[in-house]
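**Student:** Here it is, the structure in full.
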2 protein chains.
Amino acid sequence: MADAGIASLDEMRRVLGDLPGPNLEAGSACMAREAKLTKPPGALGRLESLAHWLCLWQGKHPPTTRRPRVAVFAGNHGVVAHGVSAYPQSVTRQMVENFVSGGAAVNQLCTVMDADLRVYELGLDQPTEDFTRGPAMSDEECARAVAYGMMAVEPGVDLLAVGEMGIGNSTSAAALACGIFGGEARDWVGPGTGVIGDRLAAKIAAVDQAVALHRPNCRDGLDWLRTVGGLELAAIVGAIIAARLARIPVLLDGYACSAAAASLAMSDRHAIDHCEFAHLSAEPGHKRLLDRLGRQPILDLGMRLGEGSGAALAIGVLKAAVSCHAGMRTFAEAGVDGQV
Amino acid sequence: MADAGIASLDEMRRVLGDLPGPNLEAGSACMAREAKLTKPPGALGRLESLAHWLCLWQGKHPPTTRRPRVAVFAGNHGVVAHGVSAYPQSVTRQMVENFVSGGAAVNQLCTVMDADLRVYELGLDQPTEDFTRGPAMSDEECARAVAYGMMAVEPGVDLLAVGEMGIGNSTSAAALACGIFGGEARDWVGPGTGVIGDRLAAKIAAVDQAVALHRPNCRDGLDWLRTVGGLELAAIVGAIIAARLARIPVLLDGYACSAAAASLAMSDRHAIDHCEFAHLSAEPGHKRLLDRLGRQPILDLGMRLGEGSGAALAIGVLKAAVSCHAGMRTFAEAGVDGQV
């Protein structure tokens, strides 16, 4: 999949123009069974709509969550030179090592959810350029990161949860969102790992400057991805699209993942129909972003860690949805009377 | 535990006057460790506060979720004579049989969450009295149901999720809430399993009538429980209190469980500090009830099934909270740099 044919962003644009749609037959089979299960119609709420969504995008009924994968993409960001983060850039690699040795939050969550965890490093020694001065990436660098991200999708995986690690990437996410949706930088910038005061002001200023610099050259979401995004965010875009092609539904983690997904939605509003937003991040711009996309997160637990933690946690809700849908008896099977 | 000494509601009142408090030492140990884990402070949001809450009420650090139990209490209600439900009373027993044979939603959810499911029947052939005409239960009947509910709590269980099954019990829940918190019956009555039109009007009328009838005789929440509650709701009250005495935190399911818990909170606002509200039910009165209690539900998934389904689902969030808290490395252990 590394040679998935994405050598330039224009090739990616061609792929986006021809994405497979939902499997309506599987969706209908799901709804037909749902109506017969031993509960009042609609009583499982979001669990019912999630089972239906899985059917549509896995293209099968019943849906499965037997092989969920959590894919965490890590990259570094030139914009950290502006002092936009509470932590030094060295932490990106150190946290990758923490993922590999099992000590991070996402490791524990994958264990609880019985999910496979993969970590993908994107040249941590080669951060993107400082996007307040020029594009974060060249077209080729961005396309290469997209192609790399596509590797996270392998046969047999039936649900892909994506996350990221990258000191500075909440600044990149804010710039992406501001570029894509418009508005002021301060609407989209938040504390990230915990910046306040002067550092928060520097973060807002960097986003303002970057968006003003690149706006004249950005026609679509992929242009914004290249100019103010990051390597790990480009890889997430690749993973999302590879999953669509392979009929694997996607759970997106917080603000940074959602901003990456928004760059696809800007190109084609149906490009992320196979994605659900796992949770509402405490990062204030996330609510605004989801509102713009008209999406409802699955969980709202005040989390703002990244590293795929919210997406990993939401796997449990999808497992519950699948288990109820597939395992419950019908009124006829259970001998339960229907409505009077 | 069946002979827990609760032979009258006055004995229950004495128990409520002398409940054990939180274990602050375990809570402090939790916060000390939390601050050292490899994440920005507070970045796991509600997962952190839930781990802390478990420590306080299990009285130990680290907390555990190794033996969660889902206890579902089933009872029947005389008020169904008013045509307040979309389903016949026969469904209570049929659903109990469905629980026992593994075909209901809660069975699937317990499997996913690796939780033990127990179902407790409260004389399904002997519904409560029609509470629009007189008290639903005598003092002794109510106390016996409370004592029966206490049996759900056994040594070794480290988390108790409570749920209910009882055709007509959303009417009872609405009457309880209206009695306890005041306001109009229509503020507290919702569609339950799906009633509209004339049946919804009958449900509102029954609650209005019952609350007006019993208000002069109700001094506290236990009086409301006896007069407009149900056998399964009284059993839930017993389970909540037995769990407090045994240092077992409690997850409450939807509207009916919350109304039962509110009858305790009316007697002593700290009586349910060891309980979390697992989810926000789609039943409209539930939001109002949680607002009155000043509580934030863990999940909000539009569920309105009862049978402990929301509480069973939230066990996954608690397992995640415990796993992160206990399993993550500290900054020092993982060699990750702190804030700059």
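Following the order of the structure tokens, chains are lettered A, B, ..., residues in each are numbered from 1, and ligands are numbered from 1.
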Could you please select, counting only C-alpha atoms, the residues of chain A within 6 Å of chain B and state them as a PyMOL selection string?
**Tutor:** chain A and resi 40+43-46+86-87+94+103-105+108-109+193+301-305+320+323-324+328-329+336+339-340
**Student:** How would the residues just picked look written out with C-alpha atoms as a JSON list (two decimals), in the first residue's frame?
**Tutor:**
[["chain", "number", "residue", "atom", "x", "y", "z"],
["A", 40, "PRO", "CA", -38.83, -0.66, 21.86],
["A", 43, "ALA", "CA", -34.40, 2.42, 22.43],
["A", 44, "LEU", "CA", -30.68, 1.75, 21.94],
["A", 45, "GLY", "CA", -30.24, 5.21, 20.44],
["A", 46, "ARG", "CA", -26.81, 5.85, 19.03],
["A", 86, "ALA", "CA", 4.09, 23.56, 26.81],
["A", 87, "TYR", "CA", 6.44, 20.67, 26.05],
["A", 94, "GLN", "CA", 9.94, 10.04, 23.80],
["A", 103, "GLY", "CA", 3.50, 2.94, 29.05],
["A", 104, "ALA", "CA", 1.11, 5.46, 27.53],
["A", 105, "ALA", "CA", -2.63, 5.93, 27.96],
["A", 108, "GLN", "CA", -3.88, 0.71, 28.32],
["A", 109, "LEU", "CA", -6.95, 1.65, 26.30],
["A", 193, "THR", "CA", -1.21, 20.58, 26.09],
["A", 301, "LEU", "CA", -15.51, 13.13, 28.50],
["A", 302, "GLY", "CA", -13.38, 16.27, 28.61],
["A", 303, "MET", "CA", -10.38, 14.42, 27.18],
["A", 304, "ARG", "CA", -7.63, 16.33, 25.34],
["A", 305, "LEU", "CA", -4.70, 13.95, 25.23],
["A", 320, "ALA", "CA", -21.35, -2.80, 22.22],
["A", 323, "SER", "CA", -22.82, -7.13, 20.00],
["A", 324, "CYS", "CA", -26.36, -5.90, 20.69],
["A", 328, "MET", "CA", -30.00, -9.96, 20.73],
["A", 329, "ARG", "CA", -33.02, -12.17, 20.11],
["A", 336, "VAL", "CA", -41.90, -11.53, 24.04],
["A", 339, "GLN", "CA", -46.79, -3.32, 21.55],
["A", 340, "VAL", "CA", -50.47, -3.31, 22.46]]
**Student:** Per DSSP on the backbone, filter region 187-267 of chain B down to the residues in alpha helix (DSSP H) and report them as a PyMOL selection string.
**Tutor:** chain B and resi 187-188+197-214+221-228+231-245+255-267
**Student:** Got a sec: who's within 8 Å of region 198-209 of chain B, counting only C-alpha atoms, leaving out chain neighbours fewer than 4 positions off, as a list in words?
**Tutor:** Val79, His82, Gly83, Val84, Ser85, Thr132, Thr171, Ser172, Ala174, Ala175, Cys178, Glu184, Ala185, Arg186, Val189, Gly190, Pro191 and Leu213 of chain B
**Student:** Could those residues be written to a file, using C-alpha atoms, as a tab-separated table (two decimals), in the first residue's frame?
**Tutor:**
chain	number	residue	atom	x	y	z
B	79	VAL	CA	-50.67	1.81	37.60
B	82	HIS	CA	-54.44	3.33	33.37
B	83	GLY	CA	-52.99	2.29	30.01
B	84	VAL	CA	-49.72	4.15	30.59
B	85	SER	CA	-47.42	1.78	28.67
B	132	THR	CA	-53.53	6.89	42.04
B	171	THR	CA	-44.75	6.36	35.21
B	172	SER	CA	-43.61	5.46	38.71
B	174	ALA	CA	-42.03	10.35	36.91
B	175	ALA	CA	-44.28	10.35	39.99
B	178	CYS	CA	-42.45	15.00	40.64
B	184	GLU	CA	-45.91	19.75	37.08
B	185	ALA	CA	-46.45	16.12	36.10
B	186	ARG	CA	-45.89	17.02	32.45
B	189	VAL	CA	-43.55	12.38	32.22
B	190	GLY	CA	-42.11	11.24	28.89
B	191	PRO	CA	-42.86	8.60	26.26
B	213	LEU	CA	-53.02	12.24	46.71
**Student:** With only C-alpha atoms as the atoms that count, which of A:Asp273, A:Glu307, A:Glu141, A:Glu25 lies nearest to Arg118 (chain A)?
**Tutor:** A:Glu307
**Student:** Compile the contact shell of Tyr255 (chain B) as an mmCIF file with C-alpha atoms, in the first residue's frame: residues with an atom at most 9 Å away, counting only C-alpha atoms, same-chain residues fewer than 3 positions apart removed.
**Tutor:**
data_model
loop_
_atom_site.group_PDB
_atom_site.id
_atom_site.type_symbol
_atom_site.label_atom_id
_atom_site.label_comp_id
_atom_site.auth_asym_id
_atom_site.auth_seq_id
_atom_site.Cartn_x
_atom_site.Cartn_y
_atom_site.Cartn_z
ATOM 1 C CA SER B 170 -41.396 5.152 33.850
ATOM 2 C CA ALA B 173 -40.265 7.191 38.093
ATOM 3 C CA ALA B 174 -42.030 10.346 36.906
ATOM 4 C CA SER B 258 -32.098 7.813 38.949
ATOM 5 C CA ALA B 259 -35.533 8.501 40.412
ATOM 6 C CA ALA B 260 -34.974 5.719 42.939
ATOM 7 C CA LEU B 280 -28.301 10.547 29.965
ATOM 8 C CA SER B 281 -31.489 8.832 28.921
ATOM 9 C CA ALA B 282 -33.521 10.085 25.979
ATOM 10 C CA GLU B 283 -36.481 10.217 28.404
ATOM 11 C CA PRO B 284 -36.810 13.992 28.765
ATOM 12 C CA GLY B 285 -37.309 14.046 32.539
ATOM 13 C CA HIS B 286 -33.882 12.517 33.048
ATOM 14 C CA LYS B 287 -31.986 15.679 32.089
ATOM 15 C CA LEU B 289 -33.598 15.178 37.260
ATOM 16 C CA ARG B 304 -33.822 4.743 26.681
ATOM 17 C CA GLY B 306 -33.516 0.476 30.780
#
**Student:** Within 9 Å of Pro62 (chain A), counting only C-alpha atoms, which residues show up once you throw out same-chain ones fewer than 2 positions away? Write them as a list in words, please.
**Tutor:** Ala26, Ala29, Cys30, Ala51, Leu54, Cys55, Lys60, Thr64, Val322, His325 and Ala326 of chain A
**Student:** Keeping only C-alpha atoms, write the selected residues as an mmCIF file, in the first residue's frame.
**Tutor:**
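Written out: again.cif:
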data_model
loop_
_atom_site.group_PDB
_atom_site.id
_atom_site.type_symbol
_atom_site.label_atom_id
_atom_site.label_comp_id
_atom_site.auth_asym_id
_atom_site.auth_seq_id
_atom_site.Cartn_x
_atom_site.Cartn_y
_atom_site.Cartn_z
ATOM 1 C CA ALA A 26 -26.127 -4.079 4.002
ATOM 2 C CA ALA A 29 -30.486 -5.684 6.134
ATOM 3 C CA CYS A 30 -29.365 -3.999 9.339
ATOM 4 C CA ALA A 51 -24.451 -0.510 13.893
ATOM 5 C CA LEU A 54 -20.809 0.047 10.289
ATOM 6 C CA CYS A 55 -22.935 -2.014 7.908
ATOM 7 C CA LYS A 60 -21.761 -6.351 5.172
ATOM 8 C CA THR A 64 -18.057 -6.891 12.980
ATOM 9 C CA VAL A 322 -22.287 -4.714 17.151
ATOM 10 C CA HIS A 325 -27.290 -5.899 17.036
ATOM 11 C CA ALA A 326 -25.898 -9.323 16.269
#
**Student:** Need the shell around region 223-233 of chain A: protein/DNA/RNA residues with any atom at most 7 Å away, counting only C-alpha atoms. Skip same-chain ones fewer than 2 positions apart. Format as a ChimeraX atom specification?
**Tutor:** /A:73-75,77,122,128,131,135-139,142,145,164,172-173,175-176,179,214,218-221,235-237,257,260,263
**Student:** For Arg66 (chain A), which residue out of A:Leu318, A:Ala177, A:Ala278, A:Ala246 is the nearest one, using only C-alpha atoms?
**Tutor:** A:Leu318
**Student:** Just the residues within 12 Å of Arg69 (chain A), please, counting only C-alpha atoms, with nothing from its chain fewer than 2 positions along; format it as a VMD selection string.
**Tutor:** chain A and resid 65 to 67 71 to 72 106 to 107 109 to 111 113 to 119 152 to 163 239 243 248 to 251 308 311 to 312 315
**Student:** Print the selection's residues with N, CA, C and O atoms to a file, as a compact mmCIF listing (two decimals), in the first residue's frame.
**Tutor:**
# COMPACT_ATOMS: atom_id res chain seq x y z
N THR A 65 -16.61 -6.15 14.76
CA THR A 65 -15.52 -5.35 15.35
C THR A 65 -14.54 -6.33 15.96
O THR A 65 -14.12 -6.20 17.09
N ARG A 66 -14.19 -7.33 15.15
CA ARG A 66 -13.30 -8.38 15.65
C ARG A 66 -11.85 -7.97 15.60
O ARG A 66 -11.03 -8.44 16.38
N ARG A 67 -11.49 -7.14 14.60
CA ARG A 67 -10.09 -6.75 14.47
C ARG A 67 -9.94 -5.23 14.37
O ARG A 67 -9.57 -4.71 13.33
N ALA A 71 -4.27 3.23 15.00
CA ALA A 71 -3.07 3.68 14.29
C ALA A 71 -2.72 5.08 14.76
O ALA A 71 -3.51 6.00 14.62
N VAL A 72 -1.54 5.21 15.36
CA VAL A 72 -1.09 6.51 15.86
C VAL A 72 0.05 7.00 14.98
O VAL A 72 1.06 6.30 14.80
N VAL A 106 -2.77 5.31 25.61
CA VAL A 106 -3.35 4.56 24.49
C VAL A 106 -3.04 3.06 24.58
O VAL A 106 -3.85 2.23 24.16
N ASN A 107 -1.91 2.72 25.18
CA ASN A 107 -1.61 1.29 25.35
C ASN A 107 -2.62 0.62 26.26
O ASN A 107 -3.11 -0.48 25.98
N LEU A 109 -5.62 1.64 26.92
CA LEU A 109 -6.95 1.65 26.30
C LEU A 109 -7.06 0.54 25.24
O LEU A 109 -8.11 -0.10 25.12
N CYS A 110 -5.99 0.32 24.50
CA CYS A 110 -6.01 -0.76 23.50
C CYS A 110 -6.13 -2.12 24.19
O CYS A 110 -6.81 -3.02 23.67
N THR A 111 -5.50 -2.27 25.33
CA THR A 111 -5.63 -3.53 26.06
C THR A 111 -7.08 -3.75 26.50
O THR A 111 -7.65 -4.83 26.29
N MET A 113 -9.74 -2.52 25.22
CA MET A 113 -10.63 -2.69 24.06
C MET A 113 -10.21 -3.86 23.16
O MET A 113 -10.84 -4.09 22.13
N ASP A 114 -9.16 -4.56 23.54
CA ASP A 114 -8.65 -5.68 22.74
C ASP A 114 -8.39 -5.23 21.29
O ASP A 114 -8.80 -5.88 20.34
N ALA A 115 -7.71 -4.10 21.18
CA ALA A 115 -7.39 -3.55 19.85
C ALA A 115 -5.89 -3.63 19.62
O ALA A 115 -5.09 -3.58 20.56
N ASP A 116 -5.56 -3.74 18.36
CA ASP A 116 -4.18 -3.80 17.90
C ASP A 116 -3.66 -2.36 17.80
O ASP A 116 -4.33 -1.50 17.23
N LEU A 117 -2.50 -2.08 18.38
CA LEU A 117 -1.94 -0.72 18.31
C LEU A 117 -0.73 -0.69 17.38
O LEU A 117 0.18 -1.51 17.52
N ARG A 118 -0.75 0.22 16.42
CA ARG A 118 0.41 0.43 15.56
C ARG A 118 0.81 1.89 15.62
O ARG A 118 -0.05 2.77 15.60
N VAL A 119 2.11 2.11 15.65
CA VAL A 119 2.63 3.48 15.72
C VAL A 119 3.45 3.74 14.47
O VAL A 119 4.28 2.92 14.09
N ALA A 152 -1.29 2.03 6.93
CA ALA A 152 -1.92 1.61 8.19
C ALA A 152 -3.12 0.71 7.94
O ALA A 152 -3.63 0.06 8.85
N VAL A 153 -3.57 0.70 6.70
CA VAL A 153 -4.77 -0.07 6.35
C VAL A 153 -4.35 -1.40 5.75
O VAL A 153 -3.72 -1.44 4.69
N GLU A 154 -4.67 -2.46 6.44
CA GLU A 154 -4.30 -3.80 5.96
C GLU A 154 -5.52 -4.70 5.94
O GLU A 154 -6.44 -4.50 6.73
N PRO A 155 -5.51 -5.69 5.07
CA PRO A 155 -6.65 -6.61 4.99
C PRO A 155 -6.91 -7.26 6.35
O PRO A 155 -5.97 -7.58 7.07
N GLY A 156 -8.17 -7.46 6.65
CA GLY A 156 -8.52 -8.14 7.90
C GLY A 156 -8.94 -7.17 8.98
O GLY A 156 -9.76 -7.51 9.83
N VAL A 157 -8.36 -5.97 8.98
CA VAL A 157 -8.78 -4.95 9.95
C VAL A 157 -10.23 -4.57 9.62
O VAL A 157 -10.56 -4.34 8.46
N ASP A 158 -11.11 -4.54 10.63
CA ASP A 158 -12.51 -4.19 10.32
C ASP A 158 -12.95 -2.85 10.92
O ASP A 158 -14.09 -2.41 10.71
N LEU A 159 -12.04 -2.20 11.63
CA LEU A 159 -12.32 -0.87 12.18
C LEU A 159 -10.98 -0.20 12.42
O LEU A 159 -10.08 -0.80 13.00
N LEU A 160 -10.85 1.04 11.96
CA LEU A 160 -9.59 1.76 12.11
C LEU A 160 -9.82 3.00 12.98
O LEU A 160 -10.63 3.87 12.63
N ALA A 161 -9.12 3.05 14.10
CA ALA A 161 -9.16 4.23 14.95
C ALA A 161 -7.86 4.98 14.74
O ALA A 161 -6.79 4.38 14.84
N VAL A 162 -7.94 6.27 14.41
CA VAL A 162 -6.70 7.00 14.14
C VAL A 162 -6.43 8.06 15.20
O VAL A 162 -7.35 8.70 15.73
N GLY A 163 -5.14 8.20 15.50
CA GLY A 163 -4.70 9.19 16.46
C GLY A 163 -3.36 9.78 16.05
O GLY A 163 -2.78 9.36 15.05
N ALA A 239 -4.59 7.51 5.61
CA ALA A 239 -5.21 6.37 6.29
C ALA A 239 -6.73 6.40 6.11
O ALA A 239 -7.37 5.37 5.87
N ALA A 243 -8.70 3.53 4.05
CA ALA A 243 -9.77 2.80 4.75
C ALA A 243 -11.05 2.83 3.92
O ALA A 243 -11.74 1.80 3.79
N ILE A 248 -13.31 -0.03 5.31
CA ILE A 248 -13.06 -0.08 6.76
C ILE A 248 -13.53 1.24 7.37
O ILE A 248 -12.99 2.30 7.07
N PRO A 249 -14.53 1.19 8.24
CA PRO A 249 -14.98 2.42 8.89
C PRO A 249 -13.88 2.98 9.80
O PRO A 249 -13.03 2.23 10.31
N VAL A 250 -13.91 4.28 10.00
CA VAL A 250 -12.84 4.97 10.72
C VAL A 250 -13.40 5.73 11.92
O VAL A 250 -14.41 6.43 11.82
N LEU A 251 -12.73 5.60 13.05
CA LEU A 251 -13.00 6.43 14.23
C LEU A 251 -11.91 7.47 14.33
O LEU A 251 -10.72 7.14 14.43
N GLY A 308 -4.67 9.11 20.04
CA GLY A 308 -5.71 8.14 19.71
C GLY A 308 -6.54 7.70 20.89
O GLY A 308 -7.36 6.78 20.79
N ALA A 311 -10.38 7.85 20.48
CA ALA A 311 -10.81 6.90 19.45
C ALA A 311 -10.73 5.47 19.98
O ALA A 311 -11.63 4.65 19.74
N ALA A 312 -9.67 5.18 20.71
CA ALA A 312 -9.53 3.83 21.29
C ALA A 312 -10.68 3.56 22.26
O ALA A 312 -11.27 2.47 22.25
N ILE A 315 -13.99 2.61 20.68
CA ILE A 315 -14.10 1.24 20.13
C ILE A 315 -15.05 0.42 21.00
O ILE A 315 -15.82 -0.40 20.49
